[in-house]
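Written out below as structure tokens is the structure these notes cover.
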Amino acid sequence: MNGRPSSEPHTSLAGRTALITGAGRGIGRAIADLLAAAGADVAIAEFDGKAGRTAAEELGRTGAKAASYELDVRDPEQVRDVVANVVDDFSRIDVLVNNAGIVYNTAAEEIADTEWRDVLDVNLNGAFWMCREVGRHMLRKEAGVIVNIASMSGLVANKPQPQVHYNVSKAGVIMLTKSLATEWAGRNVRVNSVSPGYIGTALTKRGMANPAWAETWVSMTPMGRVGEPLEVARAVLYLASDASSYATGTNLVIDGGYTSW
């Protein structure tokens with residue numbers, strides 16, 4: 001190396017296939033759009049089959065190669081089947097983005113057993129099932145990148161809303177990321193996570209309709225606003241591309257400074 005930085009962009013994903021869960025709307029859809037714009041073929045795995053199909057059709061109209069697959073990430077057998085179908089259809093998976101997630105705002109003492117299990121099953125277990133299955137494919141070809149969507153809620157306990165199960169699940173995603181990164185780094189599979197703060201999705205906007213929540217969320221964010229899905233997608237593109245070739249086990253926090261106080 002001559003010590004001079006190259007002016008060549010390293011965020012192109014041309015010739016690569018990205019599998020994204022929960023990409024029918026919100027942050028997942030913004031990620032799908034941006035990775036496709038960077039040249040990737042996109043496989044959308046979505047619990048809401050209609051939303052997934054619509055996203056794939058709209059991406060297709062931009063010239064991108066895209067397909068949708070209905071998937072409940074809580075079911076490891078479905079995960080195996082969908083991953084196999086994506087490999088059959090696209091011949092490869094180079095990037096996995098685990099974006100599927102749910103949240104409930106229930107006081108800890110009121111959380112039903114089923115609700116606790118549901119949040120952990122989608123947010124943490126589902127992410128692991130996907131990492132394990134796609135990871136097997138990536139390890140066989142000794143190449144691949146996984147980006148898990150965690151949350152600043154895996155680092156701090158948000159207020160004023162109660163969400164202990166969500167916080168615990170996202171903390172688990174961050175440690176899942178670090179653990180897999182150390183296991184797989186020697187076989188050329190990188191694993192990183194992105195932890196968004198409050199982002200202007202439909203879910204967050206519903207919370208912002210509560211004046212007490214909105215005031216607290218914005219006042220506790222140094223930048224004084226919620227983020228946009230594209231701002232998270234840009235972080236994912238960085239981690240998914242060769243621009244981050246020396247990054248693994250990283251948790252990239254995109255929260256407008258919320259966790260910096």
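Here, A, B, ... name the chains of the structure tokens in the order displayed, residue numbers run from 1 inside each chain, and ligands are numbered from 1 in the same displayed order.
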
If you take only C-alpha atoms and a cut-off of 12 Å, which residues of stretch 19-137 of chain A touch stretch 199-204 of chain A, and what are their nearest atom pairs and distances in Å to one decimal, in chain and number order, as a tab-separated table?
residue	atom	partner	partner_atom	distance
A:Arg25	CA	A:Thr201	CA	8.5
A:Gly26	CA	A:Thr201	CA	5.3
A:Ile27	CA	A:Thr201	CA	7.1
A:Gly28	CA	A:Thr201	CA	10.2
A:Arg29	CA	A:Thr201	CA	10.6
A:Ala30	CA	A:Thr201	CA	10.4
A:Gly101	CA	A:Leu203	CA	11.2
A:Ile102	CA	A:Leu203	CA	9.6
A:Val103	CA	A:Leu203	CA	9.0
A:Tyr104	CA	A:Leu203	CA	10.5
A:Asn105	CA	A:Leu203	CA	11.5

May I have the selected residues written with N, CA, C and O atoms, as a JSON list (two decimals), in the first residue's frame?
[["chain", "number", "residue", "atom", "x", "y", "z"],
["A", 25, "ARG", "N", -41.72, -2.54, 4.89],
["A", 25, "ARG", "CA", -42.05, -1.16, 5.27],
["A", 25, "ARG", "C", -40.96, -0.63, 6.20],
["A", 25, "ARG", "O", -40.09, -1.34, 6.64],
["A", 26, "GLY", "N", -41.05, 0.66, 6.51],
["A", 26, "GLY", "CA", -40.21, 1.27, 7.52],
["A", 26, "GLY", "C", -38.72, 1.18, 7.24],
["A", 26, "GLY", "O", -38.26, 1.34, 6.10],
["A", 27, "ILE", "N", -37.95, 0.92, 8.28],
["A", 27, "ILE", "CA", -36.50, 0.84, 8.16],
["A", 27, "ILE", "C", -36.10, -0.25, 7.18],
["A", 27, "ILE", "O", -35.20, -0.05, 6.35],
["A", 28, "GLY", "N", -36.75, -1.40, 7.25],
["A", 28, "GLY", "CA", -36.40, -2.50, 6.36],
["A", 28, "GLY", "C", -36.58, -2.14, 4.90],
["A", 28, "GLY", "O", -35.76, -2.49, 4.05],
["A", 29, "ARG", "N", -37.66, -1.42, 4.59],
["A", 29, "ARG", "CA", -37.90, -1.01, 3.21],
["A", 29, "ARG", "C", -36.84, -0.01, 2.75],
["A", 29, "ARG", "O", -36.35, -0.08, 1.62],
["A", 30, "ALA", "N", -36.47, 0.92, 3.63],
["A", 30, "ALA", "CA", -35.42, 1.88, 3.28],
["A", 30, "ALA", "C", -34.10, 1.17, 3.02],
["A", 30, "ALA", "O", -33.35, 1.54, 2.10],
["A", 101, "GLY", "N", -38.67, -7.18, 13.58],
["A", 101, "GLY", "CA", -38.75, -6.95, 15.01],
["A", 101, "GLY", "C", -40.12, -6.47, 15.43],
["A", 101, "GLY", "O", -40.89, -5.94, 14.61],
["A", 102, "ILE", "N", -40.44, -6.65, 16.71],
["A", 102, "ILE", "CA", -41.70, -6.18, 17.27],
["A", 102, "ILE", "C", -41.44, -5.56, 18.64],
["A", 102, "ILE", "O", -40.41, -5.82, 19.27],
["A", 103, "VAL", "N", -42.37, -4.73, 19.08],
["A", 103, "VAL", "CA", -42.28, -4.13, 20.41],
["A", 103, "VAL", "C", -43.68, -3.97, 20.98],
["A", 103, "VAL", "O", -44.64, -3.72, 20.25],
["A", 104, "TYR", "N", -43.78, -4.18, 22.30],
["A", 104, "TYR", "CA", -44.99, -3.87, 23.05],
["A", 104, "TYR", "C", -44.58, -2.98, 24.22],
["A", 104, "TYR", "O", -43.49, -3.13, 24.77],
["A", 105, "ASN", "N", -45.45, -2.08, 24.59],
["A", 105, "ASN", "CA", -45.17, -1.20, 25.73],
["A", 105, "ASN", "C", -46.06, -1.60, 26.89],
["A", 105, "ASN", "O", -47.13, -1.03, 27.09]]

TODO: Please identify all polymer residues within 10 Å of A:Thr248, counting only C-alpha atoms, omitting same-chain residues fewer than 6 positions from it, and present them as JSON, numbers by chain.
DONE: {"A": [145, 146, 147, 177, 178, 180, 181, 182, 184, 185, 189, 190, 191, 192, 193, 239]}

TODO: Would you kindly return, as a ChimeraX atom specification, each protein, DNA or RNA residue with an atom no farther than 7 Å from any atom of stretch 12-23 of chain A, considering only C-alpha atoms and excluding same-chain residues fewer than 5 positions away?
DONE: /A:28-29,32,38-47,52,92-100,241

TODO: Write out as a PyMOL selection string all residues of stretch 165-212 of chain A that backbone DSSP assigns to strand (DSSP E).
DONE: chain A and resi 189-196

- [ ] Measure the distance from atom CA of A:Leu124 to atom CA of A:Val173 in Å and round it to one decimal.
- [x]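 So the two atoms, atom CA of A:Leu124 and atom CA of A:Val173, lie 5.9 Å apart.
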